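File shown: target-v4.cif (mmCIF, C-alpha atoms).
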data_target
#
loop_
_atom_site.label_atom_id
_atom_site.label_comp_id
_atom_site.auth_asym_id
_atom_site.auth_seq_id
_atom_site.Cartn_x
_atom_site.Cartn_y
_atom_site.Cartn_z
CA MET L 1472 -11.96 -45.65 -13.07
CA ILE L 1473 -10.81 -42.26 -11.86
CA TRP L 1474 -13.54 -42.10 -9.25
CA SER L 1475 -12.49 -45.50 -7.91
CA ALA L 1476 -8.87 -44.27 -7.65
CA VAL L 1477 -10.06 -41.16 -5.80
CA ARG L 1478 -12.00 -43.29 -3.30
CA LEU L 1479 -9.00 -45.53 -2.68
CA ALA L 1480 -6.72 -42.52 -2.25
CA TRP L 1481 -9.15 -40.84 0.15
CA ARG L 1482 -9.46 -44.03 2.21
CA GLU L 1483 -5.68 -44.24 2.53
CA ILE L 1484 -5.49 -40.58 3.62
CA THR L 1485 -8.21 -40.96 6.26
CA ASN L 1486 -6.75 -44.21 7.57
CA ASN L 1487 -3.53 -42.31 8.44
CA ILE L 1488 -5.06 -38.98 9.40
CA MET L 1489 -2.24 -37.77 11.67
CA ARG L 1490 0.46 -38.60 9.14
CA SER L 1491 -1.55 -36.95 6.39
CA ALA L 1492 -2.03 -33.79 8.47
CA LEU L 1493 1.69 -33.52 9.20
CA THR L 1494 2.49 -34.21 5.56
CA VAL L 1495 0.44 -31.27 4.26
CA LEU L 1496 1.57 -28.86 6.98
CA GLY L 1497 4.21 -27.29 4.74
CA ILE L 1498 1.62 -26.74 1.99
CA VAL L 1499 -0.81 -25.19 4.49
CA ILE L 1500 1.80 -22.78 5.84
CA GLY L 1501 3.08 -21.81 2.39
CA VAL L 1502 -0.35 -21.19 0.85
CA ALA L 1503 -1.62 -19.35 3.95
CA ALA L 1504 1.42 -17.08 4.02
CA VAL L 1505 1.19 -16.25 0.31
CA ILE L 1506 -2.57 -15.58 0.47
CA ALA L 1507 -2.19 -13.38 3.57
CA MET L 1508 0.72 -11.39 2.10
CA VAL L 1509 -0.93 -10.77 -1.26
CA THR L 1510 -4.28 -9.88 0.30
CA LEU L 1511 -2.69 -7.44 2.75
CA GLY L 1512 -0.59 -5.98 -0.07
CA GLY L 1513 -3.74 -5.40 -2.11
CA GLY L 1514 -5.43 -3.76 0.88
CA ALA L 1515 -2.42 -1.48 1.51
CA THR L 1516 -2.33 -0.49 -2.16
CA ALA L 1517 -6.05 0.33 -2.16
CA TYR L 1518 -5.70 2.31 1.07
CA ILE L 1519 -2.76 4.39 -0.11
CA SER L 1520 -4.39 5.05 -3.49
CA ARG L 1521 -7.51 6.25 -1.69
CA GLU L 1522 -5.47 8.48 0.62
CA ILE L 1523 -3.51 9.98 -2.27
CA SER L 1524 -6.75 10.65 -4.14
CA GLY L 1525 -8.02 12.37 -1.00
CA LEU L 1526 -5.12 14.85 -1.03
CA GLY L 1527 -7.05 17.03 -3.44
CA SER L 1528 -8.74 17.33 -6.78
CA ASN L 1529 -6.27 16.67 -9.64
CA LEU L 1530 -3.48 17.72 -7.27
CA ILE L 1531 -0.04 18.78 -8.48
CA ILE L 1532 2.80 19.39 -6.00
CA ILE L 1533 5.76 21.61 -6.90
CA PHE L 1534 8.83 21.93 -4.70
CA PRO L 1535 12.46 23.06 -5.17
CA GLY L 1536 15.00 20.41 -6.09
CA THR L 1537 18.77 20.61 -6.28
CA GLN L 1538 21.30 22.15 -8.64
CA THR L 1539 24.96 21.54 -9.40
CA ALA L 1540 27.32 24.32 -8.33
CA SER L 1541 30.36 25.36 -10.37
CA ALA L 1542 32.62 23.06 -8.35
CA GLY L 1543 30.37 20.08 -9.08
CA GLU L 1544 28.78 20.15 -5.64
CA VAL L 1545 25.06 19.42 -5.46
CA VAL L 1546 23.31 22.15 -3.45
CA PRO L 1547 19.67 23.03 -2.73
CA ALA L 1548 18.06 25.01 -5.54
CA GLU L 1549 16.76 28.55 -5.16
CA PRO L 1550 13.48 28.53 -3.21
CA PHE L 1551 10.20 29.69 -4.72
CA ARG L 1552 8.66 33.11 -4.08
CA PRO L 1553 4.96 34.05 -3.78
CA GLU L 1554 5.29 35.63 -7.24
CA ASP L 1555 5.86 32.16 -8.72
CA ALA L 1556 2.44 31.04 -7.53
CA GLU L 1557 0.90 34.25 -8.88
CA ALA L 1558 2.54 33.65 -12.25
CA ILE L 1559 1.18 30.09 -12.44
CA ARG L 1560 -2.29 31.36 -11.52
CA ALA L 1561 -2.17 34.04 -14.20
CA GLU L 1562 -0.30 32.32 -17.04
CA VAL L 1563 -1.21 28.64 -16.94
CA PRO L 1564 -4.77 28.31 -18.28
CA SER L 1565 -5.07 24.57 -17.54
CA VAL L 1566 -4.60 25.23 -13.80
CA ASP L 1567 -7.71 25.87 -11.72
CA ALA L 1568 -6.12 27.04 -8.46
CA VAL L 1569 -2.67 27.51 -6.88
CA ALA L 1570 -1.50 27.83 -3.28
CA ALA L 1571 1.99 28.75 -2.09
CA VAL L 1572 2.81 27.18 1.28
CA VAL L 1573 5.33 27.92 4.03
CA SER L 1574 5.27 25.21 6.70
CA ARG L 1575 6.82 25.32 10.18
CA THR L 1576 6.51 23.25 13.37
CA VAL L 1577 5.22 25.39 16.23
CA GLN L 1578 3.65 25.22 19.68
CA ALA L 1579 -0.06 26.08 19.93
CA VAL L 1580 -1.18 27.26 23.37
CA HIS L 1581 -4.65 28.01 24.72
CA GLY L 1582 -4.95 28.62 28.45
CA SER L 1583 -3.12 25.81 30.22
CA THR L 1584 -3.32 23.47 27.22
CA ASN L 1585 -0.68 23.25 24.52
CA ARG L 1586 0.18 20.98 21.63
CA ARG L 1587 2.96 20.64 19.08
CA THR L 1588 1.51 21.33 15.65
CA THR L 1589 2.28 22.59 12.15
CA ILE L 1590 1.44 26.04 10.84
CA ASN L 1591 0.96 26.40 7.09
CA GLY L 1592 1.16 29.91 5.72
CA THR L 1593 -0.98 30.04 2.58
CA ASP L 1594 -4.13 31.56 1.06
CA ASN L 1595 -7.66 30.43 0.22
CA GLY L 1596 -6.42 28.45 -2.77
CA TYR L 1597 -5.23 25.83 -0.26
CA GLN L 1598 -8.76 24.68 0.54
CA GLN L 1599 -9.57 24.40 -3.16
CA VAL L 1600 -6.51 22.43 -4.33
CA ARG L 1601 -6.61 20.12 -1.30
CA ASP L 1602 -10.39 19.73 -1.52
CA TRP L 1603 -10.53 20.57 2.18
CA PRO L 1604 -13.54 22.73 3.10
CA VAL L 1605 -14.16 24.85 6.17
CA VAL L 1606 -17.00 23.29 8.16
CA GLU L 1607 -17.25 25.95 10.86
CA GLY L 1608 -16.56 29.67 10.52
CA ARG L 1609 -15.11 31.29 7.40
CA THR L 1610 -12.02 31.54 5.20
CA PHE L 1611 -9.53 34.44 5.03
CA SER L 1612 -10.65 37.79 3.63
CA ASP L 1613 -8.57 39.55 0.96
CA ALA L 1614 -7.66 42.28 3.47
CA GLU L 1615 -6.40 39.68 5.99
CA LEU L 1616 -4.27 37.99 3.34
CA ARG L 1617 -2.74 41.26 2.12
CA SER L 1618 -1.97 42.66 5.56
CA GLY L 1619 -0.92 39.36 7.17
CA ARG L 1620 -3.38 39.75 10.03
CA ALA L 1621 -3.04 37.26 12.90
CA VAL L 1622 -6.04 35.06 12.12
CA CYS L 1623 -6.09 31.32 11.58
CA LEU L 1624 -8.03 28.22 10.65
CA MET L 1625 -7.37 25.01 12.55
CA GLY L 1626 -7.65 21.29 11.95
CA ALA L 1627 -10.25 19.13 13.68
CA SER L 1628 -7.92 17.22 16.03
CA LEU L 1629 -6.10 20.37 17.17
CA ARG L 1630 -9.47 21.99 17.87
CA GLU L 1631 -10.48 18.93 19.92
CA ASP L 1632 -7.25 19.00 21.94
CA LEU L 1633 -7.35 22.70 22.73
CA PHE L 1634 -11.09 23.37 23.05
CA GLY L 1635 -12.88 20.03 23.39
CA PRO L 1636 -16.57 20.28 22.43
CA GLN L 1637 -16.64 24.09 22.74
CA SER L 1638 -16.64 26.31 19.66
CA PRO L 1639 -13.23 27.94 19.13
CA LEU L 1640 -14.52 30.71 16.87
CA GLY L 1641 -13.42 34.11 18.11
CA GLU L 1642 -11.03 32.61 20.65
CA THR L 1643 -7.31 33.40 20.69
CA VAL L 1644 -4.52 30.85 20.42
CA ARG L 1645 -0.82 31.66 20.82
CA ILE L 1646 1.19 30.33 17.88
CA SER L 1647 4.92 30.81 18.50
CA ASN L 1648 3.97 33.62 20.93
CA ILE L 1649 1.76 35.27 18.29
CA PRO L 1650 -1.84 35.79 19.51
CA CYS L 1651 -3.96 34.44 16.68
CA GLU L 1652 -7.75 34.74 16.38
CA ILE L 1653 -9.53 31.56 15.26
CA ILE L 1654 -11.94 32.25 12.41
CA GLY L 1655 -12.67 28.73 11.16
CA VAL L 1656 -12.31 24.96 11.57
CA MET L 1657 -11.42 22.60 8.72
CA GLU L 1658 -13.22 19.35 7.89
CA GLU L 1659 -11.83 16.24 9.61
CA LYS L 1660 -9.81 13.91 7.33
CA GLY L 1661 -8.41 11.41 9.82
CA PRO L 1662 -4.98 9.71 9.83
CA SER L 1663 -2.92 9.67 6.66
CA ALA L 1664 -1.79 6.54 4.84
CA PHE L 1665 1.42 6.65 6.88
CA GLY L 1666 -0.35 7.01 10.23
CA SER L 1667 0.28 10.72 10.84
CA ASP L 1668 -2.49 13.02 12.07
CA GLN L 1669 -3.63 15.09 9.08
CA ASP L 1670 -5.92 17.24 11.25
CA ASN L 1671 -3.21 18.58 13.57
CA PHE L 1672 -2.41 21.87 11.83
CA VAL L 1673 -3.08 25.59 11.64
CA LEU L 1674 -3.62 27.63 8.48
CA ALA L 1675 -2.62 31.30 8.57
CA PRO L 1676 -2.10 34.03 5.94
CA LEU L 1677 1.14 33.52 4.01
CA GLU L 1678 2.25 37.10 4.73
CA LEU L 1679 1.91 36.55 8.50
CA VAL L 1680 3.98 33.36 8.55
CA GLN L 1681 6.70 34.77 6.30
CA ARG L 1682 7.02 38.02 8.25
CA ARG L 1683 6.74 36.79 11.85
CA ILE L 1684 7.72 33.07 11.84
CA SER L 1685 9.92 32.08 8.89
CA GLY L 1686 11.56 35.52 8.61
CA SER L 1687 11.89 35.38 4.80
CA ARG L 1688 9.81 35.48 1.62
CA ASP L 1689 10.80 31.94 0.67
CA VAL L 1690 8.05 29.47 -0.21
CA ASP L 1691 8.60 25.82 0.78
CA TYR L 1692 6.37 24.31 -1.91
CA MET L 1693 3.30 24.99 -4.01
CA PHE L 1694 0.06 23.12 -4.60
CA ALA L 1695 -1.84 23.40 -7.87
CA SER L 1696 -4.91 21.68 -9.27
CA ALA L 1697 -5.65 21.05 -12.93
CA ARG L 1698 -9.06 22.07 -14.24
CA THR L 1699 -9.84 18.48 -15.20
CA GLU L 1700 -8.10 15.13 -14.94
CA ALA L 1701 -7.59 15.15 -18.71
CA LEU L 1702 -5.68 18.44 -18.44
CA ARG L 1703 -3.37 17.28 -15.65
CA GLY L 1704 -0.51 16.29 -17.98
CA ARG L 1705 -0.82 19.54 -19.92
CA ALA L 1706 -0.85 21.54 -16.69
CA ILE L 1707 2.38 19.87 -15.52
CA THR L 1708 4.09 20.66 -18.84
CA GLU L 1709 2.96 24.30 -18.78
CA ILE L 1710 4.09 24.72 -15.16
CA ARG L 1711 7.52 23.30 -16.01
CA VAL L 1712 7.94 25.62 -18.99
CA LEU L 1713 6.89 28.67 -16.97
CA LEU L 1714 9.13 27.90 -14.00
CA ARG L 1715 12.13 27.24 -16.24
CA GLU L 1716 11.64 30.68 -17.77
CA ARG L 1717 11.26 32.34 -14.37
CA ARG L 1718 14.36 30.58 -13.00
CA ASN L 1719 16.43 31.43 -16.12
CA LEU L 1720 17.36 27.82 -16.91
CA ARG L 1721 19.15 27.20 -20.19
CA VAL L 1722 18.07 24.44 -22.59
CA GLU L 1723 20.90 22.13 -21.56
CA GLN L 1724 20.23 22.61 -17.83
CA GLU L 1725 18.04 20.19 -15.91
CA ASP L 1726 15.06 21.35 -13.86
CA ASP L 1727 16.04 22.59 -10.40
CA PHE L 1728 12.51 21.91 -9.18
CA ILE L 1729 10.26 18.86 -9.02
CA VAL L 1730 6.67 18.56 -10.19
CA ARG L 1731 4.63 15.58 -9.02
CA ASP L 1732 0.97 14.68 -9.48
CA GLN L 1733 -1.41 12.25 -7.75
CA LYS L 1734 -1.14 9.60 -10.44
CA GLU L 1735 2.66 9.51 -10.26
CA MET L 1736 2.63 9.32 -6.46
CA ALA L 1737 0.02 6.55 -6.53
CA GLU L 1738 1.99 4.54 -9.12
CA PHE L 1739 5.18 4.89 -7.08
CA ALA L 1740 3.43 3.76 -3.88
CA GLU L 1741 1.75 0.84 -5.66
CA SER L 1742 5.01 -0.32 -7.27
CA THR L 1743 6.85 -0.13 -3.95
CA ILE L 1744 4.17 -2.15 -2.16
CA GLY L 1745 4.04 -4.58 -5.09
CA VAL L 1746 7.78 -5.26 -4.92
CA LEU L 1747 7.67 -5.72 -1.15
CA THR L 1748 4.61 -7.99 -1.36
CA GLY L 1749 6.24 -10.07 -4.12
CA PHE L 1750 9.45 -10.42 -2.12
CA LEU L 1751 7.65 -11.55 1.03
CA SER L 1752 5.40 -13.89 -0.96
CA ALA L 1753 8.43 -15.46 -2.63
CA ILE L 1754 9.95 -16.16 0.77
CA ALA L 1755 6.65 -17.63 1.98
CA ALA L 1756 6.39 -19.78 -1.16
CA ILE L 1757 9.53 -21.66 -0.07
CA SER L 1758 7.21 -23.45 2.35
CA LEU L 1759 5.40 -24.88 -0.68
CA LEU L 1760 8.65 -26.43 -1.86
CA VAL L 1761 9.26 -27.86 1.60
CA GLY L 1762 5.70 -29.17 1.65
CA GLY L 1763 6.17 -30.79 -1.74
CA ILE L 1764 9.31 -32.56 -0.54
CA GLY L 1765 7.36 -33.75 2.51
CA ILE L 1766 4.65 -35.20 0.28
CA MET L 1767 7.21 -37.00 -1.87
CA ASN L 1768 8.90 -38.41 1.22
CA ILE L 1769 5.68 -39.74 2.72
CA MET L 1770 4.53 -41.17 -0.61
CA LEU L 1771 7.82 -43.07 -0.93
CA VAL L 1772 7.25 -44.45 2.57
CA SER L 1773 3.70 -45.38 1.56
CA VAL L 1774 4.95 -47.23 -1.52
CA THR L 1775 7.35 -49.21 0.65
CA GLU L 1776 4.63 -50.03 3.19
CA ARG L 1777 2.17 -51.12 0.50
CA THR L 1778 4.56 -53.09 -1.70
CA ARG L 1779 2.70 -56.37 -1.18
CA GLU L 1780 -0.67 -54.68 -1.92
CA ILE L 1781 0.77 -53.26 -5.15
CA GLY L 1782 2.11 -56.71 -6.11
CA ILE L 1783 -1.32 -58.29 -5.60
CA ARG L 1784 -3.01 -55.63 -7.75
CA LEU L 1785 -0.48 -56.07 -10.53
CA ALA L 1786 -0.72 -59.87 -10.30
CA ILE L 1787 -4.51 -59.93 -10.73
CA GLY L 1788 -4.42 -57.74 -13.82
CA ALA L 1789 -4.01 -54.08 -12.81
CA LEU L 1790 -2.03 -52.10 -15.34
CA GLU L 1791 0.96 -49.90 -14.51
CA ARG L 1792 -1.05 -46.80 -15.40
CA ASN L 1793 -3.74 -47.82 -12.86
CA VAL L 1794 -1.20 -47.99 -10.05
CA LEU L 1795 0.45 -44.79 -11.25
CA MET L 1796 -2.91 -43.00 -11.26
CA GLN L 1797 -3.82 -44.20 -7.77
CA PHE L 1798 -0.64 -42.91 -6.13
CA LEU L 1799 -0.62 -39.71 -8.20
CA ILE L 1800 -4.22 -38.93 -7.20
CA GLU L 1801 -3.35 -39.60 -3.57
CA ALA L 1802 -0.48 -37.08 -3.73
CA MET L 1803 -2.75 -34.56 -5.47
CA LEU L 1804 -5.49 -34.97 -2.87
CA LEU L 1805 -3.00 -34.41 -0.06
CA SER L 1806 -1.65 -31.29 -1.72
CA MET L 1807 -5.09 -29.88 -2.66
CA LEU L 1808 -6.36 -30.53 0.86
CA GLY L 1809 -3.39 -28.58 2.22
CA GLY L 1810 -4.07 -25.81 -0.33
CA ALA L 1811 -7.75 -25.51 0.69
CA VAL L 1812 -6.89 -25.34 4.40
CA GLY L 1813 -4.09 -22.84 3.64
CA ILE L 1814 -6.43 -20.60 1.65
CA ALA L 1815 -8.98 -20.52 4.46
CA LEU L 1816 -6.28 -19.86 7.06
CA GLY L 1817 -4.60 -17.18 4.91
CA LEU L 1818 -7.84 -15.31 4.27
CA GLY L 1819 -8.70 -15.45 7.97
CA LEU L 1820 -5.28 -14.11 8.99
CA ALA L 1821 -5.49 -11.39 6.32
CA ALA L 1822 -8.94 -10.32 7.55
CA LEU L 1823 -7.72 -10.09 11.16
CA ALA L 1824 -4.55 -8.20 10.18
CA ALA L 1825 -6.49 -5.82 7.92
CA GLN L 1826 -8.85 -5.01 10.78
CA ALA L 1827 -5.96 -4.48 13.21
CA LEU L 1828 -4.08 -2.24 10.74
CA ASN L 1829 -7.23 -0.40 9.60
CA LEU L 1830 -6.75 -1.53 6.00
CA PRO L 1831 -9.49 -2.56 3.56
CA PHE L 1832 -9.87 -6.30 3.03
CA VAL L 1833 -9.38 -6.89 -0.70
CA PHE L 1834 -10.49 -10.38 -1.76
CA ASP L 1835 -8.75 -11.48 -4.97
CA ILE L 1836 -10.36 -14.58 -6.46
CA GLY L 1837 -7.51 -14.80 -8.95
CA ILE L 1838 -4.79 -15.31 -6.33
CA VAL L 1839 -7.01 -17.80 -4.48
CA GLY L 1840 -7.47 -19.84 -7.64
CA LEU L 1841 -3.78 -19.57 -8.46
CA ALA L 1842 -2.77 -20.74 -4.97
CA PHE L 1843 -5.13 -23.73 -5.15
CA GLY L 1844 -3.96 -24.65 -8.64
CA PHE L 1845 -0.32 -24.32 -7.63
CA SER L 1846 -0.83 -26.57 -4.61
CA ALA L 1847 -2.35 -29.22 -6.92
CA LEU L 1848 0.63 -28.82 -9.26
CA VAL L 1849 3.01 -29.37 -6.34
CA GLY L 1850 1.19 -32.64 -5.61
CA ILE L 1851 1.58 -33.78 -9.22
CA LEU L 1852 5.26 -32.83 -9.48
CA PHE L 1853 6.36 -34.29 -6.17
CA GLY L 1854 3.98 -37.26 -6.30
CA TYR L 1855 5.00 -38.44 -9.75
CA PHE L 1856 8.30 -40.07 -8.75
CA PRO L 1857 6.81 -42.21 -5.93
CA ALA L 1858 3.82 -43.11 -8.14
CA ARG L 1859 6.12 -44.11 -11.01
CA ARG L 1860 8.21 -46.20 -8.65
CA ALA L 1861 5.08 -48.00 -7.40
CA ALA L 1862 3.84 -48.64 -10.95
CA ARG L 1863 7.16 -50.20 -12.02
CA LEU L 1864 7.43 -52.71 -9.19
CA ASP L 1865 7.98 -56.30 -10.29
CA PRO L 1866 4.82 -58.22 -9.23
CA ILE L 1867 6.81 -61.36 -8.31
CA GLU L 1868 9.24 -59.42 -6.10
CA ALA L 1869 6.39 -57.38 -4.60
CA LEU L 1870 4.49 -60.52 -3.60
CA ARG L 1871 7.59 -61.87 -1.87
CA TYR L 1872 8.00 -58.62 0.11
CA GLU L 1873 7.31 -58.85 3.85
#
What does the file become when written as structure tokens?
Amino acid sequence: MIWSAVRLAWREITNNIMRSALTVLGIVIGVAAVIAMVTLGGGATAYISREISGLGSNLIIIFPGTQTASAGEVVPAEPFRPEDAEAIRAEVPSVDAVAAVVSRTVQAVHGSTNRRTTINGTDNGYQQVRDWPVVEGRTFSDAELRSGRAVCLMGASLREDLFGPQSPLGETVRISNIPCEIIGVMEEKGPSAFGSDQDNFVLAPLELVQRRISGSRDVDYMFASARTEALRGRAITEIRVLLRERRNLRVEQEDDFIVRDQKEMAEFAESTIGVLTGFLSAIAAISLLVGGIGIMNIMLVSVTERTREIGIRLAIGALERNVLMQFLIEAMLLSMLGGAVGIALGLGLAALAAQALNLPFVFDIGIVGLAFGFSALVGILFGYFPARRAARLDPIEALRYE
């Protein structure tokens, strides 16, 4: 019985192929847009999570926040000092390594070549917390760190721009008019999740950058790494307690610094992308509603065109439920056909966009099944009224219809 209704419905669809194609166009566009948006959102989430994980091993970032002045004005909080990093290193047992960082934008010049870059004043803890090894040359010696000697490590892309294939070791680069000897090259990491060049930088001793570039002992921010992932929460708590003591904050006062870890940054990025993806998918899903209305409209036209056929079927013994099932199955087939084409189109568009944007292609069988099921549901909901109207036709009146 059902198979016979499916065959009749399929014959009607194929007999009016152009009308059927135009009818399901709204479903195709809606499903394709939703599939493409969700798939790209999943790829962006996976990419950003991977990039955040690549920042370092169990990374914790600490930077000054704001504080409320006596007049109620919100002002920048007191900056950190190198002693704060030393205190964390000495007094927080759950922390494996710490690096204080002073960052400035500078011009790097070698011969007739120059490039705008970033200099980070820090120590050897930077490579450990960022999980960023030196692949050529060496790290800073203790004597170089203490004296602030003009030596530096450089990122892979800056090395390529200034020296090409030649080894830069032992060469001199002018950083803000400071002749700096190159002692090492860092491992290449590639573009960040936000498209910036992570390998365009110079590392130099903290003492050198503070004394000759920033002109103060202020520290912009600090990196720390927990000994294990399980200790990350404990490390954050211990760092907060220590810094509150060092900054003389009373119990009722809020922190005037911010502590963030990889997990928190990843969750924030994922939630932001999730909200954006959901919003865009909701807009795209409006096409499904439009497609459903189109199916209902065409099915009503079909009922009118086939009134005499329906009258004959009812007159020779067909039951109302048989007619109802035939038209309902026809609406479902139209909608499911549009859903299948939309899924294929959406996945194809998502694959092309992911390749163009350098994002991973994340195939989610759940959203594909949901989109197909929803398209079938649209066919049932919007096909029921025309099918019910066909089933309730008076056979005598239907046979008289011309």
Could you tell me which residues the PyMOL selection byres ((chain L and resi 1817) around 9) grabs in this file, written as an mmCIF file with C-alpha atoms, in the frame of the given file?
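This is the output file expr-v9.cif:
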data_model
loop_
_atom_site.group_PDB
_atom_site.id
_atom_site.type_symbol
_atom_site.label_atom_id
_atom_site.label_comp_id
_atom_site.auth_asym_id
_atom_site.auth_seq_id
_atom_site.Cartn_x
_atom_site.Cartn_y
_atom_site.Cartn_z
ATOM 1 C CA VAL L 1499 -0.810 -25.190 4.490
ATOM 2 C CA ILE L 1500 1.800 -22.780 5.840
ATOM 3 C CA VAL L 1502 -0.350 -21.190 0.850
ATOM 4 C CA ALA L 1503 -1.620 -19.350 3.950
ATOM 5 C CA ALA L 1504 1.420 -17.080 4.020
ATOM 6 C CA VAL L 1505 1.190 -16.250 0.310
ATOM 7 C CA ILE L 1506 -2.570 -15.580 0.470
ATOM 8 C CA ALA L 1507 -2.190 -13.380 3.570
ATOM 9 C CA MET L 1508 0.720 -11.390 2.100
ATOM 10 C CA THR L 1510 -4.280 -9.880 0.300
ATOM 11 C CA VAL L 1812 -6.890 -25.340 4.400
ATOM 12 C CA GLY L 1813 -4.090 -22.840 3.640
ATOM 13 C CA ILE L 1814 -6.430 -20.600 1.650
ATOM 14 C CA ALA L 1815 -8.980 -20.520 4.460
ATOM 15 C CA LEU L 1816 -6.280 -19.860 7.060
ATOM 16 C CA LEU L 1818 -7.840 -15.310 4.270
ATOM 17 C CA GLY L 1819 -8.700 -15.450 7.970
ATOM 18 C CA LEU L 1820 -5.280 -14.110 8.990
ATOM 19 C CA ALA L 1821 -5.490 -11.390 6.320
ATOM 20 C CA ALA L 1822 -8.940 -10.320 7.550
#
Can you write out as CSV which residues of region 1560-1581 of chain L fall within 12 Å of region 1685-1689 of chain L, alongside each residue's closest atom pair and its distance in Å to one decimal, counting all atoms listed in the file and ordering rows by chain and ascending residue number?
residue,atom,partner,partner_atom,distance
L:Ala1571,CA,L:Asp1689,CA,9.8
L:Val1572,CA,L:Asp1689,CA,9.3
L:Val1573,CA,L:Asp1689,CA,7.6
L:Ser1574,CA,L:Ser1685,CA,8.6
L:Arg1575,CA,L:Ser1685,CA,7.5
L:Thr1576,CA,L:Ser1685,CA,10.5
L:Val1577,CA,L:Ser1685,CA,11.0
Discussion item. On this structure, the PyMOL selection byres ((chain L and resi 1681-1684) around 12) would catch which residues? List them as a ChimeraX atom specification, sorted by chain and number.
Written reply: /L:1552-1553,1571-1578,1589-1593,1616-1621,1646-1651,1675-1680,1685-1691
What would the file look like if the residues just selected were written as a short mmCIF file (atom, residue, chain, number, x, y, z; two decimals), in the coordinates of the input with C-alpha atoms?
data_model
loop_
_atom_site.label_atom_id
_atom_site.label_comp_id
_atom_site.auth_asym_id
_atom_site.auth_seq_id
_atom_site.Cartn_x
_atom_site.Cartn_y
_atom_site.Cartn_z
CA ARG L 1552 8.66 33.11 -4.08
CA PRO L 1553 4.96 34.05 -3.78
CA ALA L 1571 1.99 28.75 -2.09
CA VAL L 1572 2.81 27.18 1.28
CA VAL L 1573 5.33 27.92 4.03
CA SER L 1574 5.27 25.21 6.70
CA ARG L 1575 6.82 25.32 10.18
CA THR L 1576 6.51 23.25 13.37
CA VAL L 1577 5.22 25.39 16.23
CA GLN L 1578 3.65 25.22 19.68
CA THR L 1589 2.28 22.59 12.15
CA ILE L 1590 1.44 26.04 10.84
CA ASN L 1591 0.96 26.40 7.09
CA GLY L 1592 1.16 29.91 5.72
CA THR L 1593 -0.98 30.04 2.58
CA LEU L 1616 -4.27 37.99 3.34
CA ARG L 1617 -2.74 41.26 2.12
CA SER L 1618 -1.97 42.66 5.56
CA GLY L 1619 -0.92 39.36 7.17
CA ARG L 1620 -3.38 39.75 10.03
CA ALA L 1621 -3.04 37.26 12.90
CA ILE L 1646 1.19 30.33 17.88
CA SER L 1647 4.92 30.81 18.50
CA ASN L 1648 3.97 33.62 20.93
CA ILE L 1649 1.76 35.27 18.29
CA PRO L 1650 -1.84 35.79 19.51
CA CYS L 1651 -3.96 34.44 16.68
CA ALA L 1675 -2.62 31.30 8.57
CA PRO L 1676 -2.10 34.03 5.94
CA LEU L 1677 1.14 33.52 4.01
CA GLU L 1678 2.25 37.10 4.73
CA LEU L 1679 1.91 36.55 8.50
CA VAL L 1680 3.98 33.36 8.55
CA SER L 1685 9.92 32.08 8.89
CA GLY L 1686 11.56 35.52 8.61
CA SER L 1687 11.89 35.38 4.80
CA ARG L 1688 9.81 35.48 1.62
CA ASP L 1689 10.80 31.94 0.67
CA VAL L 1690 8.05 29.47 -0.21
CA ASP L 1691 8.60 25.82 0.78
#
What separates CA of Gln1669 (chain L) and CA of Leu1830 (chain L) is a distance of 17.2 Å
Query - Long-range neighbours of Pro1639 (chain L) as a list of chain:residue names, 8 Å cut-off, only C-alpha atoms, 2 positions minimum in chain - result: L:Arg1630, L:Phe1634, L:Gln1637, L:Gly1641, L:Glu1642, L:Ile1653
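One finds CA of Gly1837 (chain L) at 10.9 Å from CA of Val1509 (chain L).
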inquiry  = Counting all atoms listed in the file, which residue out of L:Ala1753, L:Ile1710, L:Val1849, L:Val1656 sits closest to Gly1765 (chain L)?
reply    =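 Residue with the minimum atom-to-atom distance to Gly1765 (chain L): L:Val1849.
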Take CA of Pro1564 (chain L) and CA of Ile1531 (chain L) and report the distance between them in Å, one decimal.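 CA of Ile1531 (chain L) lies 14.5 Å from CA of Pro1564 (chain L).
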**Asked** Written as a PyMOL selection string, what is the full residue list that the PyMOL selection byres ((chain L and resi 1692-1707) around 9) yields on the file shown?
**Response** chain L and resi 1527-1535+1550-1551+1555-1556+1559-1560+1563-1574+1596-1597+1599-1601+1690-1691+1708-1712+1730-1732
